[in-house]
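**Q** See query19.cif below, with mmCIF, C-alpha atoms.
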data_input
loop_
_atom_site.group_PDB
_atom_site.id
_atom_site.type_symbol
_atom_site.label_atom_id
_atom_site.label_comp_id
_atom_site.auth_asym_id
_atom_site.auth_seq_id
_atom_site.Cartn_x
_atom_site.Cartn_y
_atom_site.Cartn_z
ATOM 1 C CA MET A 16 -15.615 53.316 -8.348
ATOM 2 C CA SER A 17 -13.489 50.848 -10.288
ATOM 3 C CA HIS A 18 -11.694 47.885 -8.781
ATOM 4 C CA SER A 19 -8.088 48.934 -8.234
ATOM 5 C CA LEU A 20 -6.750 45.539 -9.228
ATOM 6 C CA PRO A 21 -7.028 44.013 -12.704
ATOM 7 C CA ALA A 22 -8.762 40.691 -13.231
ATOM 8 C CA LEU A 23 -6.966 37.772 -14.826
ATOM 9 C CA VAL A 24 -9.003 35.987 -17.515
ATOM 10 C CA VAL A 25 -7.564 32.534 -18.281
ATOM 11 C CA VAL A 26 -9.047 31.212 -21.522
ATOM 12 C CA ASP A 27 -9.369 27.501 -22.342
ATOM 13 C CA VAL A 28 -6.181 26.053 -20.832
ATOM 14 C CA GLN A 29 -7.531 22.549 -21.426
ATOM 15 C CA ARG A 30 -6.007 19.166 -22.208
ATOM 16 C CA ALA A 31 -7.495 19.011 -25.720
ATOM 17 C CA PHE A 32 -4.579 21.163 -26.866
ATOM 18 C CA ASP A 33 -2.090 18.634 -25.474
ATOM 19 C CA GLU A 34 -3.979 15.945 -27.389
ATOM 20 C CA TRP A 35 -3.770 18.002 -30.598
ATOM 21 C CA GLU A 36 -0.020 18.353 -30.088
ATOM 22 C CA ALA A 37 0.376 14.637 -29.397
ATOM 23 C CA ALA A 38 -1.488 13.987 -32.662
ATOM 24 C CA GLY A 39 1.102 16.042 -34.570
ATOM 25 C CA LYS A 40 -0.222 19.600 -34.592
ATOM 26 C CA ARG A 41 2.619 22.110 -34.175
ATOM 27 C CA ARG A 42 2.307 25.070 -31.816
ATOM 28 C CA ASN A 43 4.318 28.113 -30.795
ATOM 29 C CA ASN A 44 5.211 29.493 -27.346
ATOM 30 C CA PRO A 45 6.089 26.209 -25.591
ATOM 31 C CA ASP A 46 6.485 28.110 -22.286
ATOM 32 C CA ALA A 47 3.030 29.747 -22.413
ATOM 33 C CA VAL A 48 1.479 27.482 -19.767
ATOM 34 C CA ALA A 49 4.397 28.156 -17.418
ATOM 35 C CA ARG A 50 3.794 31.904 -17.873
ATOM 36 C CA ILE A 51 0.077 31.367 -17.150
ATOM 37 C CA ALA A 52 1.043 29.554 -13.942
ATOM 38 C CA ASP A 53 3.269 32.537 -13.028
ATOM 39 C CA LEU A 54 0.368 34.934 -13.628
ATOM 40 C CA LEU A 55 -2.004 32.821 -11.542
ATOM 41 C CA GLN A 56 0.488 32.759 -8.673
ATOM 42 C CA ALA A 57 0.991 36.543 -8.807
ATOM 43 C CA PHE A 58 -2.739 37.338 -8.996
ATOM 44 C CA ARG A 59 -3.465 34.948 -6.114
ATOM 45 C CA LYS A 60 -0.683 36.422 -4.000
ATOM 46 C CA ARG A 61 -2.132 39.905 -4.562
ATOM 47 C CA GLY A 62 -5.730 38.792 -3.981
ATOM 48 C CA ALA A 63 -6.733 39.994 -7.446
ATOM 49 C CA PRO A 64 -9.795 38.501 -9.158
ATOM 50 C CA ILE A 65 -9.348 35.496 -11.463
ATOM 51 C CA PHE A 66 -11.835 34.131 -14.003
ATOM 52 C CA HIS A 67 -11.229 30.703 -15.526
ATOM 53 C CA ILE A 68 -12.887 30.161 -18.887
ATOM 54 C CA ARG A 69 -13.611 26.626 -20.161
ATOM 55 C CA HIS A 70 -14.678 25.741 -23.652
ATOM 56 C CA GLU A 71 -17.440 23.159 -23.928
ATOM 57 C CA GLY A 72 -17.713 21.696 -27.412
ATOM 58 C CA THR A 73 -21.113 21.308 -29.035
ATOM 59 C CA LYS A 74 -20.225 19.284 -32.151
ATOM 60 C CA PRO A 75 -19.962 15.483 -31.863
ATOM 61 C CA THR A 76 -16.348 15.621 -33.163
ATOM 62 C CA SER A 77 -15.204 18.328 -30.714
ATOM 63 C CA SER A 78 -12.119 17.678 -28.570
ATOM 64 C CA PHE A 79 -13.874 19.743 -25.877
ATOM 65 C CA LEU A 80 -16.954 17.637 -25.160
ATOM 66 C CA PRO A 81 -17.457 17.496 -21.367
ATOM 67 C CA GLN A 82 -17.289 13.688 -21.305
ATOM 68 C CA ASN A 83 -13.947 13.623 -23.184
ATOM 69 C CA SER A 84 -10.465 13.812 -21.663
ATOM 70 C CA GLY A 85 -9.685 17.016 -23.599
ATOM 71 C CA TYR A 86 -12.288 19.006 -21.662
ATOM 72 C CA ALA A 87 -10.282 18.804 -18.419
ATOM 73 C CA VAL A 88 -8.200 21.787 -17.391
ATOM 74 C CA LYS A 89 -4.424 21.432 -17.428
ATOM 75 C CA ASP A 90 -3.061 20.940 -13.893
ATOM 76 C CA GLU A 91 -0.902 24.099 -14.067
ATOM 77 C CA ALA A 92 -3.983 26.260 -14.627
ATOM 78 C CA ARG A 93 -6.449 24.557 -12.291
ATOM 79 C CA GLU A 94 -8.689 26.930 -10.346
ATOM 80 C CA ALA A 95 -8.231 27.448 -6.635
ATOM 81 C CA PRO A 96 -11.235 27.324 -4.271
ATOM 82 C CA GLY A 97 -13.415 30.397 -4.705
ATOM 83 C CA GLU A 98 -12.141 31.301 -8.188
ATOM 84 C CA ALA A 99 -14.834 31.688 -10.835
ATOM 85 C CA VAL A 100 -15.121 29.071 -13.580
ATOM 86 C CA ILE A 101 -17.222 30.140 -16.559
ATOM 87 C CA VAL A 102 -18.189 27.693 -19.294
ATOM 88 C CA LYS A 103 -18.636 29.000 -22.844
ATOM 89 C CA ARG A 104 -19.788 27.271 -26.023
ATOM 90 C CA VAL A 105 -18.530 29.788 -28.605
ATOM 91 C CA ASN A 106 -15.236 31.632 -29.107
ATOM 92 C CA SER A 107 -16.000 34.664 -26.944
ATOM 93 C CA ALA A 108 -16.044 34.304 -23.171
ATOM 94 C CA PHE A 109 -18.664 37.109 -23.141
ATOM 95 C CA ILE A 110 -21.298 35.365 -25.305
ATOM 96 C CA GLY A 111 -23.824 33.173 -23.503
ATOM 97 C CA THR A 112 -22.071 33.617 -20.137
ATOM 98 C CA ASP A 113 -22.321 35.959 -17.151
ATOM 99 C CA LEU A 114 -18.689 37.139 -17.420
ATOM 100 C CA GLU A 115 -19.581 40.749 -18.239
ATOM 101 C CA THR A 116 -22.203 40.833 -15.459
ATOM 102 C CA ARG A 117 -19.690 39.505 -12.930
ATOM 103 C CA LEU A 118 -17.027 42.019 -14.005
ATOM 104 C CA ARG A 119 -19.449 44.969 -13.844
ATOM 105 C CA ALA A 120 -20.817 43.796 -10.472
ATOM 106 C CA GLY A 121 -17.245 43.732 -9.143
ATOM 107 C CA ASN A 122 -16.476 47.185 -10.610
ATOM 108 C CA ILE A 123 -13.649 45.545 -12.554
ATOM 109 C CA THR A 124 -12.548 47.657 -15.508
ATOM 110 C CA THR A 125 -9.092 46.240 -16.288
ATOM 111 C CA LEU A 126 -8.549 42.750 -17.714
ATOM 112 C CA VAL A 127 -5.383 40.738 -18.275
ATOM 113 C CA ILE A 128 -6.112 38.000 -20.815
ATOM 114 C CA CYS A 129 -4.133 34.818 -21.457
ATOM 115 C CA GLY A 130 -4.746 31.259 -22.627
ATOM 116 C CA ALA A 131 -5.487 29.457 -25.869
ATOM 117 C CA THR A 132 -5.592 29.793 -28.725
ATOM 118 C CA THR A 133 -4.254 33.208 -29.671
ATOM 119 C CA ASN A 134 -6.260 33.579 -32.883
ATOM 120 C CA HIS A 135 -9.501 31.950 -31.784
ATOM 121 C CA CYS A 136 -10.974 32.228 -28.286
ATOM 122 C CA VAL A 137 -8.281 34.545 -26.898
ATOM 123 C CA GLU A 138 -8.609 36.947 -29.832
ATOM 124 C CA THR A 139 -12.423 36.880 -29.861
ATOM 125 C CA THR A 140 -12.606 37.452 -26.098
ATOM 126 C CA THR A 141 -10.021 40.259 -26.300
ATOM 127 C CA ARG A 142 -11.820 42.031 -29.157
ATOM 128 C CA MET A 143 -15.106 41.903 -27.256
ATOM 129 C CA ALA A 144 -13.445 43.107 -24.045
ATOM 130 C CA GLY A 145 -12.161 46.148 -25.931
ATOM 131 C CA ASN A 146 -15.519 46.732 -27.629
ATOM 132 C CA LEU A 147 -17.316 46.503 -24.270
ATOM 133 C CA GLY A 148 -15.071 49.241 -22.887
ATOM 134 C CA PHE A 149 -12.761 47.197 -20.699
ATOM 135 C CA ASP A 150 -9.104 48.211 -20.460
ATOM 136 C CA ALA A 151 -7.622 44.967 -21.780
ATOM 137 C CA SER A 152 -4.087 43.653 -21.891
ATOM 138 C CA LEU A 153 -3.199 40.500 -23.818
ATOM 139 C CA VAL A 154 -0.175 38.613 -22.487
ATOM 140 C CA ARG A 155 1.792 37.625 -25.601
ATOM 141 C CA ASP A 156 4.003 35.021 -23.904
ATOM 142 C CA ALA A 157 1.045 33.421 -22.064
ATOM 143 C CA THR A 158 -0.923 32.418 -25.144
ATOM 144 C CA TRP A 159 -0.269 30.120 -28.072
ATOM 145 C CA THR A 160 -1.687 28.774 -31.297
ATOM 146 C CA PHE A 161 -1.115 26.097 -33.945
ATOM 147 C CA ASP A 162 -0.040 25.960 -37.582
ATOM 148 C CA ARG A 163 -2.997 26.297 -39.952
ATOM 149 C CA ILE A 164 -3.790 25.796 -43.614
ATOM 150 C CA GLY A 165 -5.386 28.869 -45.178
ATOM 151 C CA PRO A 166 -8.290 28.935 -47.656
ATOM 152 C CA ASP A 167 -5.885 28.815 -50.604
ATOM 153 C CA GLY A 168 -3.989 25.809 -49.239
ATOM 154 C CA ASP A 169 -1.137 27.948 -47.904
ATOM 155 C CA THR A 170 0.511 26.820 -44.688
ATOM 156 C CA HIS A 171 0.734 29.507 -42.012
ATOM 157 C CA SER A 172 3.030 28.891 -39.061
ATOM 158 C CA ALA A 173 1.818 29.272 -35.505
ATOM 159 C CA GLU A 174 4.440 32.008 -35.080
ATOM 160 C CA GLU A 175 3.074 33.999 -38.057
ATOM 161 C CA ILE A 176 -0.532 33.597 -36.920
ATOM 162 C CA HIS A 177 0.356 34.589 -33.349
ATOM 163 C CA ALA A 178 2.267 37.688 -34.539
ATOM 164 C CA MET A 179 -0.513 38.767 -36.913
ATOM 165 C CA THR A 180 -3.170 38.331 -34.222
ATOM 166 C CA LEU A 181 -1.144 40.473 -31.804
ATOM 167 C CA SER A 182 -0.710 43.092 -34.543
ATOM 168 C CA ASN A 183 -4.458 43.117 -35.246
ATOM 169 C CA LEU A 184 -5.358 43.572 -31.570
ATOM 170 C CA ASN A 185 -2.588 46.001 -30.593
ATOM 171 C CA GLY A 186 -3.801 49.464 -29.654
ATOM 172 C CA GLU A 187 -7.386 49.214 -30.875
ATOM 173 C CA PHE A 188 -8.584 46.355 -28.669
ATOM 174 C CA ALA A 189 -5.810 45.796 -26.127
ATOM 175 C CA ARG A 190 -2.272 46.500 -25.047
ATOM 176 C CA ILE A 191 0.109 43.668 -25.876
ATOM 177 C CA VAL A 192 2.242 42.870 -22.839
ATOM 178 C CA VAL A 193 4.517 40.171 -21.405
ATOM 179 C CA ALA A 194 3.879 38.219 -18.202
ATOM 180 C CA ALA A 195 6.927 39.603 -16.362
ATOM 181 C CA ASP A 196 5.711 43.185 -16.856
ATOM 182 C CA VAL A 197 2.174 42.332 -15.690
ATOM 183 C CA ILE A 198 3.577 40.665 -12.573
ATOM 184 C CA ALA A 199 5.935 43.577 -11.845
ATOM 185 C CA SER A 200 3.141 46.161 -12.166
ATOM 186 C CA LEU A 201 0.829 44.030 -10.011
ATOM 187 C CA GLU A 202 3.469 43.803 -7.290
ATOM 188 C CA ALA A 203 4.050 47.579 -7.480
ATOM 189 C CA MET A 204 0.352 48.456 -7.067
ATOM 190 C CA ARG A 205 -0.854 49.828 -3.767
ATOM 191 C CA GLN A 206 -4.101 48.377 -2.486
#
Go through the file and emit its structure as structure tokens.
**A**
Amino acid sequence: MSHSLPALVVVDVQRAFDEWEAAGKRRNNPDAVARIADLLQAFRKRGAPIFHIRHEGTKPTSSFLPQNSGYAVKDEAREAPGEAVIVKRVNSAFIGTDLETRLRAGNITTLVICGATTNHCVETTTRMAGNLGFDASLVRDATWTFDRIGPDGDTHSAEEIHAMTLSNLNGEFARIVVAADVIASLEAMRQ
């Protein structure tokens, strides 16, 4: 029997991204963390499972080393007592962690994924969720990314990268949704 409620998977909402922004990196979706806070509140109110994913850097230059300020979770996305916190060291929250084991043990088949960044850890986690057979939804207004320089020196805006990532994932790996619709469907579910 599957768990009737979806699980919320909150990927890497850590202070390193604030530090990147402060250093001049430009991002999209300035309200993404507020939408993540809305999702957390709705899932908590409903008693639905929540999994917090943290990235732990392994390279000496990483913004996500455990001893550095960037490793800390942003206050708006801090876990509540009893909520699972899973630490990963690569892009996918399923590699080198017990996330899949925990989901299967809880008979959880439906995942709602949010966090940062759209085209790195969120995308990799979402692709693997789809490949592992989970019914995944990616919350487009509760994730964000940064401008990047491509291999040919071309600048790609955060908005373009975000849109292309959503296009790549749509249908094959996940449904692309907005936070308000997730919250409305959660509130409408019967337990």
**Q** So that each row is one residue of segment 66-141 of chain A with an atom at most 6 Å from segment 20-41 of chain A, can you give its shortest atom pair and the distance in Å to one decimal, using all atoms listed in the file, rows by chain and rising number, as a tab-separated table?
**A**
residue	atom	partner	partner_atom	distance
A:Phe66	CA	A:Val24	CA	4.9
A:His67	CA	A:Val25	CA	4.9
A:Ile68	CA	A:Val26	CA	4.8
A:Arg69	CA	A:Asp27	CA	4.8
A:His70	CA	A:Asp27	CA	5.7
A:Ser78	CA	A:Ala31	CA	5.6
A:Gly85	CA	A:Ala31	CA	3.6
A:Tyr86	CA	A:Gln29	CA	5.9
A:Ala87	CA	A:Gln29	CA	5.5
A:Val88	CA	A:Gln29	CA	4.2
A:Lys89	CA	A:Gln29	CA	5.2
A:Thr125	CA	A:Pro21	CA	4.7
A:Leu126	CA	A:Ala22	CA	4.9
A:Val127	CA	A:Leu23	CA	4.8
A:Ile128	CA	A:Val24	CA	4.8
A:Cys129	CA	A:Val25	CA	5.2
A:Gly130	CA	A:Val26	CA	4.4
A:Ala131	CA	A:Asp27	CA	5.6
**Q** Might you spell out which residues the PyMOL selection byres ((chain A and resi 155) around 10) would select in the displayed file, as a ChimeraX atom specification?
**A** /A:44,47,50,128-130,133,152-154,156-159,177-178,180-181,190-194
**Q** Atom CA of Gly111 of chain A and atom CA of Leu55 of chain A are how many Å apart?
**A**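 The value is 24.9 Å.
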**Q** What is the atom CA of Ile110 of chain A-atom CA of Glu187 of chain A distance in Å, reported with one decimal?
**A** 20.4 Å
**Q** Report as a ChimeraX atom specification the residues that result from applying the PyMOL selection byres ((chain A and resi 124) around 12) to the structure here.
**A** /A:16-23,64,115-123,125-127,144-145,147-152
**Q** Interatomic distance between atom CA of Glu94 of chain A and atom CA of Ile65 of chain A?
**A**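 Atom CA of Ile65 of chain A lies 8.7 Å from atom CA of Glu94 of chain A.
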**Q** Applied to the shown file, which residues does the PyMOL selection byres ((chain A and resi 138) around 9) return, written as a count of residues only?
**A** 17
**Q** May I have the residues within 7 Å of Ala52 of chain A as a list of chain:residue names, using only C-alpha atoms and disregarding those fewer than 3 positions away in the same chain?
**A**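 In the requested form, the answer reads A:Val48, A:Ala49, A:Leu55, A:Gln56, A:Glu91, A:Ala92.
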**Q** Using the incomplete input, complete segment 158-182 of chain A to the level of N, CA and C atoms; output as a PDB file, in the coordinates of the input.
**A**
ATOM      1  N   THR A 158       0.072  32.919 -24.212  1.00  0.00           N
ATOM      2  CA  THR A 158      -0.923  32.418 -25.144  1.00  0.00           C
ATOM      3  C   THR A 158      -0.191  31.729 -26.282  1.00  0.00           C
ATOM      4  N   TRP A 159      -0.899  30.856 -26.979  1.00  0.00           N
ATOM      5  CA  TRP A 159      -0.269  30.120 -28.072  1.00  0.00           C
ATOM      6  C   TRP A 159      -1.315  29.708 -29.087  1.00  0.00           C
ATOM      7  N   THR A 160      -0.802  29.294 -30.268  1.00  0.00           N
ATOM      8  CA  THR A 160      -1.687  28.774 -31.297  1.00  0.00           C
ATOM      9  C   THR A 160      -0.978  27.667 -32.072  1.00  0.00           C
ATOM     10  N   PHE A 161      -1.610  27.219 -33.141  1.00  0.00           N
ATOM     11  CA  PHE A 161      -1.115  26.097 -33.945  1.00  0.00           C
ATOM     12  C   PHE A 161      -0.976  26.502 -35.407  1.00  0.00           C
ATOM     13  N   ASP A 162      -0.118  25.773 -36.132  1.00  0.00           N
ATOM     14  CA  ASP A 162      -0.040  25.960 -37.582  1.00  0.00           C
ATOM     15  C   ASP A 162      -1.423  25.743 -38.177  1.00  0.00           C
ATOM     16  N   ARG A 163      -1.713  26.467 -39.267  1.00  0.00           N
ATOM     17  CA  ARG A 163      -2.997  26.297 -39.952  1.00  0.00           C
ATOM     18  C   ARG A 163      -2.814  26.342 -41.462  1.00  0.00           C
ATOM     19  N   ILE A 164      -3.730  25.716 -42.154  1.00  0.00           N
ATOM     20  CA  ILE A 164      -3.790  25.796 -43.614  1.00  0.00           C
ATOM     21  C   ILE A 164      -4.848  26.839 -43.961  1.00  0.00           C
ATOM     22  N   GLY A 165      -4.462  27.816 -44.780  1.00  0.00           N
ATOM     23  CA  GLY A 165      -5.386  28.869 -45.178  1.00  0.00           C
ATOM     24  C   GLY A 165      -6.343  28.417 -46.264  1.00  0.00           C
ATOM     25  N   PRO A 166      -7.266  29.295 -46.670  1.00  0.00           N
ATOM     26  CA  PRO A 166      -8.290  28.935 -47.656  1.00  0.00           C
ATOM     27  C   PRO A 166      -7.720  28.612 -49.036  1.00  0.00           C
ATOM     28  N   ASP A 167      -6.511  29.089 -49.307  1.00  0.00           N
ATOM     29  CA  ASP A 167      -5.885  28.815 -50.604  1.00  0.00           C
ATOM     30  C   ASP A 167      -4.896  27.661 -50.532  1.00  0.00           C
ATOM     31  N   GLY A 168      -4.894  26.939 -49.392  1.00  0.00           N
ATOM     32  CA  GLY A 168      -3.989  25.809 -49.239  1.00  0.00           C
ATOM     33  C   GLY A 168      -2.611  26.192 -48.728  1.00  0.00           C
ATOM     34  N   ASP A 169      -2.426  27.478 -48.419  1.00  0.00           N
ATOM     35  CA  ASP A 169      -1.137  27.948 -47.904  1.00  0.00           C
ATOM     36  C   ASP A 169      -0.987  27.550 -46.448  1.00  0.00           C
ATOM     37  N   THR A 170       0.225  27.131 -46.088  1.00  0.00           N
ATOM     38  CA  THR A 170       0.511  26.820 -44.688  1.00  0.00           C
ATOM     39  C   THR A 170       0.966  28.085 -43.984  1.00  0.00           C
ATOM     40  N   HIS A 171       0.361  28.354 -42.839  1.00  0.00           N
ATOM     41  CA  HIS A 171       0.734  29.507 -42.012  1.00  0.00           C
ATOM     42  C   HIS A 171       1.242  28.968 -40.680  1.00  0.00           C
ATOM     43  N   SER A 172       2.450  29.397 -40.308  1.00  0.00           N
ATOM     44  CA  SER A 172       3.030  28.891 -39.061  1.00  0.00           C
ATOM     45  C   SER A 172       2.335  29.513 -37.856  1.00  0.00           C
ATOM     46  N   ALA A 173       2.368  28.777 -36.765  1.00  0.00           N
ATOM     47  CA  ALA A 173       1.818  29.272 -35.505  1.00  0.00           C
ATOM     48  C   ALA A 173       2.442  30.616 -35.144  1.00  0.00           C
ATOM     49  N   GLU A 174       3.742  30.755 -35.400  1.00  0.00           N
ATOM     50  CA  GLU A 174       4.440  32.008 -35.080  1.00  0.00           C
ATOM     51  C   GLU A 174       3.872  33.174 -35.888  1.00  0.00           C
ATOM     52  N   GLU A 175       3.642  32.947 -37.195  1.00  0.00           N
ATOM     53  CA  GLU A 175       3.074  33.999 -38.057  1.00  0.00           C
ATOM     54  C   GLU A 175       1.671  34.376 -37.599  1.00  0.00           C
ATOM     55  N   ILE A 176       0.861  33.368 -37.321  1.00  0.00           N
ATOM     56  CA  ILE A 176      -0.532  33.597 -36.920  1.00  0.00           C
ATOM     57  C   ILE A 176      -0.575  34.358 -35.596  1.00  0.00           C
ATOM     58  N   HIS A 177       0.259  33.939 -34.659  1.00  0.00           N
ATOM     59  CA  HIS A 177       0.356  34.589 -33.349  1.00  0.00           C
ATOM     60  C   HIS A 177       0.736  36.064 -33.530  1.00  0.00           C
ATOM     61  N   ALA A 178       1.783  36.313 -34.325  1.00  0.00           N
ATOM     62  CA  ALA A 178       2.267  37.688 -34.539  1.00  0.00           C
ATOM     63  C   ALA A 178       1.203  38.548 -35.221  1.00  0.00           C
ATOM     64  N   MET A 179       0.519  37.997 -36.214  1.00  0.00           N
ATOM     65  CA  MET A 179      -0.513  38.767 -36.913  1.00  0.00           C
ATOM     66  C   MET A 179      -1.688  39.067 -35.992  1.00  0.00           C
ATOM     67  N   THR A 180      -2.073  38.104 -35.171  1.00  0.00           N
ATOM     68  CA  THR A 180      -3.170  38.331 -34.222  1.00  0.00           C
ATOM     69  C   THR A 180      -2.806  39.454 -33.256  1.00  0.00           C
ATOM     70  N   LEU A 181      -1.585  39.418 -32.723  1.00  0.00           N
ATOM     71  CA  LEU A 181      -1.144  40.473 -31.804  1.00  0.00           C
ATOM     72  C   LEU A 181      -1.154  41.821 -32.509  1.00  0.00           C
ATOM     73  N   SER A 182      -0.706  41.850 -33.765  1.00  0.00           N
ATOM     74  CA  SER A 182      -0.710  43.092 -34.543  1.00  0.00           C
ATOM     75  C   SER A 182      -2.124  43.617 -34.739  1.00  0.00           C
TER      76      SER A 182
END
